[in-house]
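Okay, coords.pdb is below, PDB, C-alpha atoms:
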```pdb
ATOM      1  CA  MET V 866      16.167  61.704  35.874
ATOM      2  CA  TYR V 867      15.635  58.780  33.523
ATOM      3  CA  ASN V 868      15.255  58.018  29.850
ATOM      4  CA  ALA V 869      12.790  55.663  28.283
ATOM      5  CA  CYS V 870      10.732  55.122  25.190
ATOM      6  CA  GLU V 871       8.693  58.124  24.187
ATOM      7  CA  TRP V 872       5.342  56.430  24.776
ATOM      8  CA  GLY V 873       6.401  55.250  28.228
ATOM      9  CA  THR V 874       7.614  58.657  29.315
ATOM     10  CA  ILE V 875       4.412  60.347  28.183
ATOM     11  CA  ALA V 876       2.389  57.841  30.216
ATOM     12  CA  CYS V 877       4.648  58.166  33.269
ATOM     13  CA  VAL V 878       4.837  61.954  33.233
ATOM     14  CA  GLY V 879       1.063  62.174  32.966
ATOM     15  CA  SER V 880       0.453  59.797  35.877
ATOM     16  CA  THR V 881       3.095  60.934  38.363
ATOM     17  CA  GLY V 882       2.499  63.319  41.202
ATOM     18  CA  THR V 883       6.155  64.372  41.483
ATOM     19  CA  GLY V 884       6.040  67.084  38.832
ATOM     20  CA  SER V 885       8.356  65.383  36.383
ATOM     21  CA  ARG V 886       8.556  66.624  32.837
ATOM     22  CA  GLN V 887       9.953  65.617  29.475
ATOM     23  CA  LEU V 888      13.158  67.530  28.805
ATOM     24  CA  GLY V 889      13.313  66.606  25.154
ATOM     25  CA  ARG V 890      13.712  63.830  22.663
ATOM     26  CA  ARG V 891      17.043  62.056  22.747
ATOM     27  CA  ALA V 892      19.271  62.644  19.744
ATOM     28  CA  ILE V 893      19.358  58.925  19.016
ATOM     29  CA  VAL V 894      16.977  56.171  18.081
ATOM     30  CA  SER V 895      17.175  53.569  20.824
ATOM     31  CA  TYR V 896      17.791  49.897  20.219
ATOM     32  CA  ALA V 897      16.159  47.262  22.395
ATOM     33  CA  PRO V 898      16.843  43.579  21.705
ATOM     34  CA  TRP V 899      15.541  40.535  23.479
ATOM     35  CA  SER V 900      18.537  38.992  25.191
ATOM     36  CA  TRP V 901      18.703  35.233  25.776
ATOM     37  CA  ARG V 902      21.030  33.273  28.040
ATOM     38  CA  PRO V 903      23.920  31.468  26.339
ATOM     39  CA  ASP V 904      22.393  28.075  27.246
ATOM     40  CA  SER V 905      18.978  28.875  25.739
ATOM     41  CA  PRO V 906      17.815  26.437  23.038
ATOM     42  CA  ALA V 907      16.197  29.283  21.038
ATOM     43  CA  TYR V 908      18.041  30.540  17.941
ATOM     44  CA  THR V 909      15.206  31.663  15.634
ATOM     45  CA  PRO V 910      12.056  33.754  16.180
ATOM     46  CA  GLN V 911       9.870  30.671  15.652
ATOM     47  CA  GLN V 912      11.478  29.067  18.709
ATOM     48  CA  LEU V 913      10.235  31.943  20.873
ATOM     49  CA  ALA V 914       6.710  30.517  20.887
ATOM     50  CA  ASN V 915       5.412  30.110  24.444
ATOM     51  CA  ARG V 916       8.668  31.392  25.982
ATOM     52  CA  VAL V 917       8.340  33.932  28.792
ATOM     53  CA  ILE V 918       9.821  37.279  27.804
ATOM     54  CA  GLY V 919      10.178  39.941  30.476
ATOM     55  CA  VAL V 920       9.247  43.472  29.467
ATOM     56  CA  PRO V 921       9.085  46.664  31.551
ATOM     57  CA  ILE V 922       5.737  48.117  32.496
ATOM     58  CA  ILE V 923       4.452  50.966  30.283
ATOM     59  CA  SER V 924       6.829  50.509  27.415
ATOM     60  CA  ALA V 925       6.741  50.732  23.647
ATOM     61  CA  ARG V 926       9.010  47.685  23.681
ATOM     62  CA  ILE V 927       6.004  45.516  24.534
ATOM     63  CA  THR V 928       4.127  46.589  21.418
ATOM     64  CA  SER V 929       7.114  46.660  19.083
ATOM     65  CA  HIS V 930       8.387  43.224  20.067
ATOM     66  CA  CYS V 931       4.972  41.588  19.911
ATOM     67  CA  THR V 932       4.577  43.092  16.452
ATOM     68  CA  CYS V 933       7.982  41.688  15.448
ATOM     69  CA  LEU V 934       7.001  38.207  16.556
ATOM     70  CA  GLN V 935       3.582  38.111  14.901
ATOM     71  CA  GLY V 936       5.215  37.247  11.592
ATOM     72  CA  PHE V 937       6.812  34.151  13.133
ATOM     73  CA  VAL V 938       4.462  32.770  15.806
ATOM     74  CA  ARG V 939       0.733  32.886  16.465
ATOM     75  CA  ARG V 940      -0.485  35.690  18.689
ATOM     76  CA  ASP V 941      -1.574  33.275  21.421
ATOM     77  CA  GLU V 942       1.991  31.859  21.528
ATOM     78  CA  ILE V 943       3.521  35.224  22.485
ATOM     79  CA  LYS V 944       4.064  35.172  26.246
ATOM     80  CA  THR V 945       5.247  38.262  28.077
ATOM     81  CA  CYS V 946       5.446  39.092  31.747
ATOM     82  CA  PHE V 947       6.090  42.346  33.538
ATOM     83  CA  ALA V 948       9.733  42.379  34.549
ATOM     84  CA  PRO V 949      11.445  44.928  36.762
ATOM     85  CA  ASN V 950      12.038  48.415  35.401
ATOM     86  CA  GLY V 951      15.738  48.848  34.707
ATOM     87  CA  SER V 952      17.692  46.735  32.252
ATOM     88  CA  ARG V 953      20.136  45.689  34.970
ATOM     89  CA  PHE V 954      17.375  43.937  36.910
ATOM     90  CA  ARG V 955      15.945  42.282  33.798
ATOM     91  CA  LEU V 956      19.384  41.018  32.755
ATOM     92  CA  ASP V 957      19.876  39.583  36.255
ATOM     93  CA  ALA V 958      16.519  37.778  35.992
ATOM     94  CA  VAL V 959      17.517  36.300  32.601
ATOM     95  CA  MET V 960      20.900  35.121  33.885
ATOM     96  CA  LYS V 961      19.268  33.505  36.955
ATOM     97  CA  GLY V 962      16.744  31.690  34.715
ATOM     98  CA  GLU V 963      13.732  33.434  36.268
ATOM     99  CA  ILE V 964      12.567  34.448  32.764
ATOM    100  CA  ASP V 965      13.603  33.120  29.351
ATOM    101  CA  ALA V 966      14.508  36.506  27.846
ATOM    102  CA  ALA V 967      14.126  40.221  28.437
ATOM    103  CA  THR V 968      14.212  43.480  26.562
ATOM    104  CA  LEU V 969      17.354  45.443  27.361
ATOM    105  CA  THR V 970      18.798  48.833  26.527
ATOM    106  CA  GLU V 971      22.405  50.031  26.535
ATOM    107  CA  PRO V 972      24.751  49.682  28.302
ATOM    108  CA  HIS V 973      23.198  46.387  29.383
ATOM    109  CA  VAL V 974      22.888  45.123  25.780
ATOM    110  CA  THR V 975      26.688  45.262  25.541
ATOM    111  CA  LEU V 976      27.063  43.649  28.979
ATOM    112  CA  ALA V 977      24.699  40.832  27.974
ATOM    113  CA  GLU V 978      26.706  40.226  24.789
ATOM    114  CA  LYS V 979      29.918  40.068  26.817
ATOM    115  CA  LYS V 980      28.267  37.465  29.072
ATOM    116  CA  GLY V 981      27.485  35.360  25.993
ATOM    117  CA  CYS V 982      23.803  36.235  25.647
ATOM    118  CA  ARG V 983      22.409  36.401  22.141
ATOM    119  CA  THR V 984      19.784  38.476  20.382
ATOM    120  CA  ILE V 985      16.996  36.918  18.345
ATOM    121  CA  CYS V 986      14.600  39.852  17.874
ATOM    122  CA  SER V 987      15.103  43.567  18.265
ATOM    123  CA  ALA V 988      13.283  46.830  17.747
ATOM    124  CA  PHE V 989      14.118  50.504  17.444
ATOM    125  CA  PHE V 990      12.230  53.368  19.074
ATOM    126  CA  HIS V 991      12.501  57.069  19.858
ATOM    127  CA  GLY V 992      13.105  58.054  23.426
ATOM    128  CA  THR V 993      12.882  61.106  25.615
ATOM    129  CA  GLU V 994      14.605  62.326  28.748
ATOM    130  CA  VAL V 995      12.437  62.828  31.828
ATOM    131  CA  ALA V 996      13.382  64.621  35.044
ATOM    132  CA  SER V 997      11.954  66.430  38.015
ATOM    133  CA  ALA V 998      12.158  70.202  38.351
ATOM    134  CA  ARG V 999      15.366  69.759  40.415
ATOM    135  CA  VAL V1000      17.314  68.929  37.224
ATOM    136  CA  ASP V1001      18.464  72.224  35.781
ATOM    137  CA  ALA V1002      20.202  72.936  32.457
ATOM    138  CA  GLU V1003      23.686  72.538  33.981
ATOM    139  CA  THR V1004      22.867  69.106  35.440
ATOM    140  CA  TYR V1005      21.254  67.973  32.199
ATOM    141  CA  GLY V1006      24.351  69.102  30.282
ATOM    142  CA  ALA V1007      26.587  67.126  32.676
ATOM    143  CA  PHE V1008      24.416  64.044  32.129
ATOM    144  CA  ASN V1009      24.761  64.345  28.347
ATOM    145  CA  ARG V1010      28.549  64.749  28.644
ATOM    146  CA  ALA V1011      28.704  61.596  30.785
ATOM    147  CA  VAL V1012      26.706  59.636  28.198
ATOM    148  CA  ARG V1013      29.060  60.801  25.426
ATOM    149  CA  GLU V1014      32.060  59.721  27.516
ATOM    150  CA  ALA V1015      30.520  56.294  28.137
ATOM    151  CA  VAL V1016      30.007  55.862  24.394
ATOM    152  CA  ARG V1017      33.612  56.897  23.764
ATOM    153  CA  ARG V1018      34.856  54.312  26.285
ATOM    154  CA  ILE V1019      32.785  51.474  24.813
ATOM    155  CA  THR V1020      33.500  52.209  21.150
ATOM    156  CA  PRO V1021      37.244  51.353  21.025
ATOM    157  CA  THR V1022      36.578  47.861  22.393
ATOM    158  CA  SER V1023      34.215  47.060  19.546
ATOM    159  CA  ALA V1024      35.825  45.060  16.764
ATOM    160  CA  PRO V1025      34.225  44.831  13.315
ATOM    161  CA  ILE V1026      32.332  41.582  12.801
ATOM    162  CA  CYS V1027      33.536  41.216   9.226
ATOM    163  CA  THR V1028      34.834  43.313   6.392
ATOM    164  CA  THR V1029      32.956  44.246   3.244
ATOM    165  CA  SER V1030      35.326  42.256   1.055
ATOM    166  CA  SER V1031      34.813  39.092   3.089
ATOM    167  CA  ILE V1032      31.035  39.437   2.761
ATOM    168  CA  ILE V1033      31.043  39.921  -0.996
ATOM    169  CA  THR V1034      33.798  37.579  -2.148
ATOM    170  CA  ALA V1035      34.745  35.467   0.881
ATOM    171  CA  GLY V1036      38.244  36.834   0.352
ATOM    172  CA  PRO V1037      40.113  39.860  -0.880
ATOM    173  CA  ILE V1038      38.692  41.699  -3.858
ATOM    174  CA  PRO V1039      40.955  41.158  -6.892
ATOM    175  CA  SER V1040      42.578  44.215  -8.449
ATOM    176  CA  ARG V1041      41.048  45.702 -11.579
ATOM    177  CA  SER V1042      43.960  44.530 -13.737
ATOM    178  CA  ALA V1043      43.478  40.925 -12.546
ATOM    179  CA  ARG V1044      39.761  41.014 -13.429
ATOM    180  CA  ASP V1045      40.387  42.471 -16.894
ATOM    181  CA  ARG V1046      42.790  39.706 -18.022
TER     182      ARG V1046
END
```
Show me, as structure tokens, the structure contained in the file I just sent.
Amino acid sequence: MYNACEWGTIACVGSTGTGSRQLGRRAIVSYAPWSWRPDSPAYTPQQLANRVIGVPIISARITSHCTCLQGFVRRDEIKTCFAPNGSRFRLDAVMKGEIDAATLTEPHVTLAEKKGCRTICSAFFHGTEVASARVDAETYGAFNRAVREAVRRITPTSAPICTTSSIITAGPIPSRSARDR
């Protein structure tokens, strides 16, 4: 069983001889950023010109990220290579310096951030769950419960980046009576 972008799963299910099938669309919209090593000199999309970005084979991430970059660099400056399927392997390749950046999905996006990697571009896409006929309703339910538990375990460690009042006023919002004086 695996999950992937909707376009990728349609292509894979149609080309496999193992009898896999789409179980359904995931209840979320997936997020896939390009993760860069902490020592990378790139900080803006324009600096991604001619950098090698690893993307998985048969993926909507290829199209969506190239589209994102076209507003910042010329089409001939967008360089992608096929990187291993599985975010864990792509993150390893980025950290070893084998490729400049790679598209990742959770939980590896969070792991990359904890390792100091940064995101310059990102895209959102719908995904589906794919499995062989051996995955029955009970197994699929157990998988979904495990995903919910993983989300629950990650969520408490997330701290807010900033508060609304610090964004608007760079300090606490004055009380109404103080503003009316």
Go ahead and compute the interatomic distance for atom CA of Phe954 of chain V and atom CA of Pro903 of chain V, in Å to one decimal.
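We find that atom CA of Phe954 of chain V and atom CA of Pro903 of chain V lie 17.6 Å from each other.
Using the PyMOL selection byres ((chain V and resi 952) around 7) on this structure selects V:Asn950, V:Gly951, V:Arg953, V:Phe954, V:Arg955, V:Leu956, V:Leu969, V:Thr970, V:His973.
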Name the residues that the PyMOL selection byres ((chain V and resi 962) around 12) picks from the file above, as a PyMOL selection string, using the file's chain letters and numbers.
chain V and resi 901-905+916-919+955-961+963-967
Take the selection from the previous step and output its residues with C-alpha atoms, as a PDB file, in the frame of the given file.
```pdb
ATOM      1  CA  TRP V 901      18.703  35.233  25.776  1.00  0.00           C
ATOM      2  CA  ARG V 902      21.030  33.273  28.040  1.00  0.00           C
ATOM      3  CA  PRO V 903      23.920  31.468  26.339  1.00  0.00           C
ATOM      4  CA  ASP V 904      22.393  28.075  27.246  1.00  0.00           C
ATOM      5  CA  SER V 905      18.978  28.875  25.739  1.00  0.00           C
ATOM      6  CA  ARG V 916       8.668  31.392  25.982  1.00  0.00           C
ATOM      7  CA  VAL V 917       8.340  33.932  28.792  1.00  0.00           C
ATOM      8  CA  ILE V 918       9.821  37.279  27.804  1.00  0.00           C
ATOM      9  CA  GLY V 919      10.178  39.941  30.476  1.00  0.00           C
ATOM     10  CA  ARG V 955      15.945  42.282  33.798  1.00  0.00           C
ATOM     11  CA  LEU V 956      19.384  41.018  32.755  1.00  0.00           C
ATOM     12  CA  ASP V 957      19.876  39.583  36.255  1.00  0.00           C
ATOM     13  CA  ALA V 958      16.519  37.778  35.992  1.00  0.00           C
ATOM     14  CA  VAL V 959      17.517  36.300  32.601  1.00  0.00           C
ATOM     15  CA  MET V 960      20.900  35.121  33.885  1.00  0.00           C
ATOM     16  CA  LYS V 961      19.268  33.505  36.955  1.00  0.00           C
ATOM     17  CA  GLU V 963      13.732  33.434  36.268  1.00  0.00           C
ATOM     18  CA  ILE V 964      12.567  34.448  32.764  1.00  0.00           C
ATOM     19  CA  ASP V 965      13.603  33.120  29.351  1.00  0.00           C
ATOM     20  CA  ALA V 966      14.508  36.506  27.846  1.00  0.00           C
ATOM     21  CA  ALA V 967      14.126  40.221  28.437  1.00  0.00           C
TER      22      ALA V 967
END
```
Find, counting only C-alpha atoms, the residue in V:Ile985, V:Glu1003, V:Phe947, V:Leu976 that gets nearest to Gln912 of chain V.
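Ranking V:Ile985, V:Glu1003, V:Phe947, V:Leu976 by distance to Gln912 of chain V, first place goes to V:Ile985.
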Show me, as a list in words, the residues that have an atom within 12 Å of segment 936-942 of chain V when counting all atoms listed in the file, minus same-chain residues fewer than 3 positions from it.
Thr909, Pro910, Gln911, Gln912, Leu913, Ala914, Asn915, Arg916, Val917, Ile918, His930, Cys931, Thr932, Cys933, Thr945, Ile985 and Cys986 of chain V
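Ranking V:Leu888, V:Val1016, V:Ala1007, V:Val878 by their shortest atom-to-atom distance to Glu994 of chain V, with only C-alpha atoms included, puts V:Leu888 first.
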Here is a test: counting only C-alpha atoms, which residue of V:Thr993, V:Gly981, V:Val920, V:Gly882 is nearest to Ala948 of chain V?
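The shortest atom-to-atom distance to Ala948 of chain V comes from V:Val920.
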How big is the axis-aligned box around all listed atoms of segment 952-970 of chain V once 5 Å goes on each side, and where's its centre, in Å to one decimal, as lines of an AutoDock Vina configuration file?
```
center_x = 16.7
center_y = 40.3
center_z = 31.7
size_x = 18.3
size_y = 27.1
size_z = 20.4
```
Given all atoms listed in the file as the basis, pick out the residue of V:Ala988, V:Cys982, V:Val974, V:Ile1019 nearest to Ala907 of chain V.
V:Cys982
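Taking atom CA of Thr883 of chain V and atom CA of Asp1001 of chain V as the two end points, the separation is 15.7 Å.
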So what do you get for atom CA of Thr968 of chain V versus atom CA of Tyr1005 of chain V, distance-wise?
26.1 Å
